[in-house]
>>> print(open('data16.txt').read())   # compact mmCIF, C-alpha atoms
# COMPACT_ATOMS: atom_id res chain seq x y z
CA MET Y 1 -86.22 101.45 -160.75
CA VAL Y 2 -87.45 103.81 -158.04
CA ALA Y 3 -90.65 105.88 -158.04
CA VAL Y 4 -90.43 109.27 -156.31
CA VAL Y 5 -93.94 110.55 -155.61
CA GLY Y 6 -94.53 114.14 -154.49
CA CYS Y 7 -97.37 114.26 -151.95
CA ALA Y 8 -98.11 117.86 -153.05
CA GLY Y 9 -96.74 120.39 -155.51
CA GLY Y 10 -93.57 122.23 -154.58
CA VAL Y 11 -92.42 119.87 -151.81
CA GLY Y 12 -89.12 119.06 -153.54
CA ALA Y 13 -89.85 115.72 -155.21
CA SER Y 14 -87.91 116.61 -158.39
CA THR Y 15 -84.92 117.66 -156.30
CA VAL Y 16 -85.04 114.38 -154.38
CA ALA Y 17 -85.37 112.41 -157.63
CA LEU Y 18 -82.38 114.17 -159.19
CA ALA Y 19 -80.33 113.79 -156.00
CA LEU Y 20 -81.04 110.03 -155.91
CA ALA Y 21 -80.00 109.61 -159.54
CA THR Y 22 -76.85 111.65 -158.98
CA ALA Y 23 -75.91 109.95 -155.72
CA ALA Y 24 -76.24 106.50 -157.29
CA GLY Y 25 -72.81 107.09 -158.81
CA VAL Y 26 -73.66 105.19 -162.01
CA PRO Y 27 -75.39 106.17 -165.27
CA ALA Y 28 -78.98 106.95 -164.31
CA ARG Y 29 -82.19 108.27 -165.84
CA VAL Y 30 -84.85 110.52 -164.33
CA VAL Y 31 -88.25 110.38 -166.05
CA GLU Y 32 -90.41 113.31 -164.95
CA CYS Y 33 -94.12 112.54 -165.28
CA CYS Y 34 -96.11 115.75 -164.97
CA SER Y 35 -97.54 118.53 -167.07
CA PRO Y 36 -94.85 120.61 -168.85
CA LEU Y 37 -96.11 123.64 -166.89
CA ALA Y 38 -95.34 121.86 -163.61
CA SER Y 39 -91.85 120.66 -164.58
CA GLY Y 40 -89.01 121.08 -162.13
CA PHE Y 41 -86.38 120.44 -164.81
CA PRO Y 42 -86.60 123.25 -167.43
CA ALA Y 43 -83.20 124.65 -166.39
CA ALA Y 44 -81.64 121.59 -164.73
CA ALA Y 45 -79.71 120.10 -167.66
CA ASN Y 46 -76.12 120.90 -168.62
CA ALA Y 47 -76.92 119.95 -172.21
CA GLU Y 48 -80.18 119.71 -174.12
CA LEU Y 49 -80.42 116.60 -176.31
CA GLY Y 50 -83.58 117.42 -178.26
CA THR Y 51 -86.88 115.55 -178.31
CA GLU Y 52 -87.77 111.91 -178.80
CA GLY Y 53 -91.46 111.41 -179.50
CA THR Y 54 -93.38 113.27 -176.79
CA TRP Y 55 -90.33 113.59 -174.51
CA ARG Y 56 -87.60 116.21 -174.20
CA ARG Y 57 -84.19 114.95 -173.18
CA GLY Y 58 -81.27 116.63 -171.45
CA SER Y 59 -78.25 115.49 -169.49
CA ARG Y 60 -76.12 116.49 -166.54
CA GLY Y 61 -73.07 114.26 -166.24
CA ASP Y 62 -74.14 110.62 -166.03
CA VAL Y 63 -77.78 111.54 -165.41
CA LEU Y 64 -80.25 111.62 -168.31
CA LEU Y 65 -83.28 113.85 -167.74
CA GLU Y 66 -86.54 113.27 -169.59
CA ARG Y 67 -89.62 115.47 -169.30
CA PRO Y 68 -92.84 115.49 -171.34
CA VAL Y 69 -93.40 117.93 -174.18
CA THR Y 70 -97.19 117.54 -173.92
CA SER Y 71 -99.61 116.75 -171.11
CA ASP Y 72 -100.49 113.37 -172.63
CA ALA Y 73 -97.00 111.95 -173.03
CA THR Y 74 -96.82 108.27 -173.89
CA VAL Y 75 -94.52 105.63 -172.44
CA PRO Y 76 -90.91 106.88 -172.60
CA VAL Y 77 -88.91 105.25 -175.39
CA PRO Y 78 -85.81 103.25 -174.42
CA THR Y 79 -82.66 105.31 -174.15
CA GLU Y 80 -79.73 104.54 -176.42
CA SER Y 81 -77.32 104.94 -173.52
CA SER Y 82 -76.96 102.31 -170.83
CA VAL Y 83 -78.45 103.28 -167.48
CA GLU Y 84 -78.33 101.28 -164.25
CA TRP Y 85 -80.93 103.31 -162.34
CA THR Y 86 -84.23 104.77 -163.48
CA VAL Y 87 -86.01 107.22 -161.19
CA VAL Y 88 -89.64 107.98 -162.05
CA ASP Y 89 -90.59 111.45 -160.78
CA ALA Y 90 -94.36 111.54 -160.26
CA ASN Y 91 -96.97 113.15 -157.98
CA TRP Y 92 -99.81 112.21 -155.66
CA THR Y 93 -102.35 111.91 -158.49
CA THR Y 94 -100.39 108.83 -159.59
CA ALA Y 95 -101.07 107.16 -156.26
CA SER Y 96 -104.72 108.17 -156.36
CA GLY Y 97 -105.21 106.93 -159.92
CA MET Y 98 -103.22 103.70 -159.92
CA GLY Y 99 -105.85 101.81 -161.88
CA ALA Y 100 -105.14 103.27 -165.30
CA GLY Y 101 -102.29 104.14 -167.62
CA TRP Y 102 -98.68 103.04 -167.92
CA LEU Y 103 -97.60 105.13 -164.93
CA GLY Y 104 -100.11 103.52 -162.59
CA SER Y 105 -98.96 100.12 -163.84
CA VAL Y 106 -95.35 100.99 -163.06
CA LEU Y 107 -96.23 102.17 -159.55
CA ARG Y 108 -98.16 98.98 -158.80
CA THR Y 109 -95.24 96.74 -159.73
CA LEU Y 110 -92.27 98.63 -158.25
CA ASP Y 111 -90.64 97.44 -155.05
CA ASP Y 112 -89.26 100.89 -154.20
CA VAL Y 113 -91.59 103.88 -153.77
CA VAL Y 114 -90.44 107.11 -152.13
CA LEU Y 115 -93.15 109.51 -150.92
CA VAL Y 116 -91.86 113.09 -150.62
CA THR Y 117 -93.42 115.82 -148.50
CA ASN Y 118 -92.34 118.75 -146.33
CA ALA Y 119 -91.96 119.08 -142.57
CA THR Y 120 -95.26 120.83 -141.85
CA VAL Y 121 -98.51 119.62 -140.34
CA PRO Y 122 -100.30 119.71 -143.74
CA GLY Y 123 -97.28 118.05 -145.35
CA VAL Y 124 -97.29 115.17 -142.88
CA GLY Y 125 -101.04 114.85 -143.38
CA ARG Y 126 -100.54 114.55 -147.14
CA LEU Y 127 -97.88 111.89 -146.58
CA GLN Y 128 -100.34 109.92 -144.48
CA SER Y 129 -103.03 110.22 -147.17
CA CYS Y 130 -100.67 109.17 -149.97
CA ALA Y 131 -99.47 106.21 -147.92
CA GLU Y 132 -103.06 105.09 -147.39
CA LEU Y 133 -103.78 105.44 -151.12
CA LEU Y 134 -100.64 103.47 -151.97
CA GLY Y 135 -101.61 100.75 -149.50
CA ARG Y 136 -98.19 99.15 -149.11
CA ASP Y 137 -94.64 99.67 -147.85
CA ALA Y 138 -92.92 102.90 -148.85
CA LEU Y 139 -90.16 105.23 -147.74
CA GLY Y 140 -91.31 108.68 -146.65
CA VAL Y 141 -88.80 111.47 -147.30
CA VAL Y 142 -89.60 114.65 -145.39
CA VAL Y 143 -87.88 117.80 -146.69
CA GLY Y 144 -86.92 120.28 -143.99
CA PRO Y 145 -85.13 120.12 -140.65
CA THR Y 146 -83.90 116.82 -139.24
CA ILE Y 147 -86.52 114.71 -137.49
CA LYS Y 148 -85.12 115.65 -134.07
CA ARG Y 149 -85.72 119.33 -134.89
CA TRP Y 150 -89.28 119.02 -136.15
CA PRO Y 151 -91.67 121.45 -134.42
CA ARG Y 152 -93.81 119.71 -131.82
CA PRO Y 153 -97.06 119.96 -133.89
CA VAL Y 154 -95.30 118.18 -136.77
CA LYS Y 155 -94.10 115.41 -134.46
CA VAL Y 156 -97.62 114.98 -133.12
CA ALA Y 157 -99.08 114.85 -136.64
CA SER Y 158 -96.48 112.29 -137.72
CA ALA Y 159 -97.96 109.76 -135.27
CA GLY Y 160 -100.68 109.13 -137.86
CA ILE Y 161 -98.26 107.91 -140.54
CA PRO Y 162 -98.74 104.15 -141.08
CA ALA Y 163 -96.03 101.98 -139.54
CA ARG Y 164 -95.28 100.45 -142.95
CA VAL Y 165 -93.87 103.83 -144.08
CA HIS Y 166 -90.29 104.32 -142.96
CA ILE Y 167 -89.28 107.98 -142.52
CA ALA Y 168 -86.08 109.73 -143.59
CA ASP Y 169 -85.32 113.44 -143.49
CA PHE Y 170 -83.87 115.49 -146.33
CA PRO Y 171 -82.37 119.00 -146.02
CA LEU Y 172 -83.99 122.08 -147.48
CA ASP Y 173 -81.51 124.13 -149.51
CA PRO Y 174 -82.20 127.91 -149.32
CA ARG Y 175 -80.58 128.62 -152.69
CA LEU Y 176 -82.66 126.06 -154.55
CA GLN Y 177 -85.77 127.47 -152.88
CA VAL Y 178 -85.07 130.68 -154.79
CA THR Y 179 -83.53 129.48 -158.07
CA GLY Y 180 -85.06 126.06 -158.53
CA LEU Y 181 -82.92 123.35 -160.12
CA THR Y 182 -80.11 124.74 -162.31
CA PRO Y 183 -77.19 123.12 -164.16
CA ASP Y 184 -75.00 123.74 -161.09
CA PRO Y 185 -73.96 120.70 -159.03
CA LEU Y 186 -76.34 119.79 -156.24
CA PRO Y 187 -75.16 120.87 -152.75
CA ALA Y 188 -73.19 118.23 -150.85
CA PRO Y 189 -75.73 117.91 -147.98
CA LEU Y 190 -78.44 116.94 -150.49
CA LEU Y 191 -76.25 114.27 -152.07
CA LYS Y 192 -75.34 112.89 -148.65
CA ALA Y 193 -79.03 112.70 -147.73
CA ALA Y 194 -79.73 110.99 -151.05
CA GLN Y 195 -77.04 108.40 -150.31
CA ASN Y 196 -78.76 107.70 -146.99
CA VAL Y 197 -82.08 107.24 -148.77
CA LEU Y 198 -80.51 104.85 -151.29
CA ALA Y 199 -78.97 102.86 -148.43
CA LEU Y 200 -82.42 102.55 -146.82
CA LEU Y 201 -83.96 101.41 -150.10
CA ARG Y 202 -81.28 98.77 -150.54
CA LYS Y 203 -82.04 97.41 -147.08
CA GLU Y 204 -85.74 97.06 -147.84
CA PRO Y 205 -86.89 93.48 -148.56
CA THR Y 206 -87.89 92.88 -152.18
>>> encode(input="data16.txt", output="structure tokens")
Amino acid sequence: MVAVVGCAGGVGASTVALALATAAGVPARVVECCSPLASGFPAAANAELGTEGTWRRGSRGDVLLERPVTSDATVPVPTESSVEWTVVDANWTTASGMGAGWLGSVLRTLDDVVLVTNATVPGVGRLQSCAELLGRDALGVVVGPTIKRWPRPVKVASAGIPARVHIADFPLDPRLQVTGLTPDPLPAPLLKAAQNVLALLRKEPT
């Protein structure tokens, strides 16, 4: 299980979560944990599978998508299909409120946490804040240009990121910026970046 935590709204956490699940190459499940109004998955499924309790299910190939129907969704029920990877798609309020609820409990116990932000000075600042709230090792995924091409102010700001947070870059897709996630296959560069992230996670000590 991997937790993907968006350090702010609109930084691409849902795209990263879906890319990780897709790039795993095995049956996987993405559980989106946010208000229905903030969902990144309304149009992402190839097939809608109806609702189960307070959760709406859809699929795209071997990836099962689950998103809440209400703002107070309960713990997701087990899926009838076998999945080898579960990606929990959450946001920074999860890191700031880790003391309560099933989601905070999950985040406290997971070995693999991915913090997602964008390649801007405020974005890097939010990554630093989320890392401090989390208080332990994590992988920081920065959406935008490659690290070598970060603007100088972003590179300077990144010096404040705790050493326990390893950094990986993730491309920004212009089409998805306009359309959001759709049933279309994810662009190859995103899947390649996701494979790199998975490789880094697998190297992390447990």
>>> residues_around(input="data16.txt", residues="region 140-143 of chain Y", least_positions_apart="4", cutoff="10 Å", atoms="all atoms listed in the file", output="ChimeraX atom specification")
/Y:4-7,11-13,16,113-120,123-124,127-128,130-131,147,161,164-173,193-194,197
>>> closest_residue(input="data16.txt", among="Y:Ala43, Y:Val2, Y:Val26, Y:Ala138", to="Leu176 (chain Y)", atoms="all atoms listed in the file")
Y:Ala43
>>> atom_distance(input="data16.txt", atom1="CA of Met1 (chain Y)", atom2="CA of Pro185 (chain Y)")
22.9 Å
>>> closest_residue(input="data16.txt", among="Y:Val106, Y:Val83, Y:Cys33, Y:Leu64", to="Ala47 (chain Y)", atoms="all atoms listed in the file")
Y:Leu64
>>> atom_distance(input="data16.txt", atom1="CA of Gln195 (chain Y)", atom2="CA of Leu103 (chain Y)")
25.4 Å
>>> closest_residue(input="data16.txt", among="Y:Thr182, Y:Thr51, Y:Thr70, Y:Ser105", to="Thr15 (chain Y)", atoms="all atoms listed in the file")
Y:Thr182
>>> atom_distance(input="data16.txt", atom1="CA of Ala19 (chain Y)", atom2="CA of Asp184 (chain Y)")
12.4 Å
>>> closest_residue(input="data16.txt", among="Y:Arg126, Y:Lys192, Y:Val121, Y:Asp62", to="Pro151 (chain Y)", atoms="all atoms listed in the file")
Y:Val121
>>> residues_near_point(input="data16.txt", point="(-76.8, 123.1, -165.4)", cutoff="12 Å", atoms="all atoms listed in the file", output="ChimeraX atom specification")
/Y:41-48,58-61,63,65,179-186
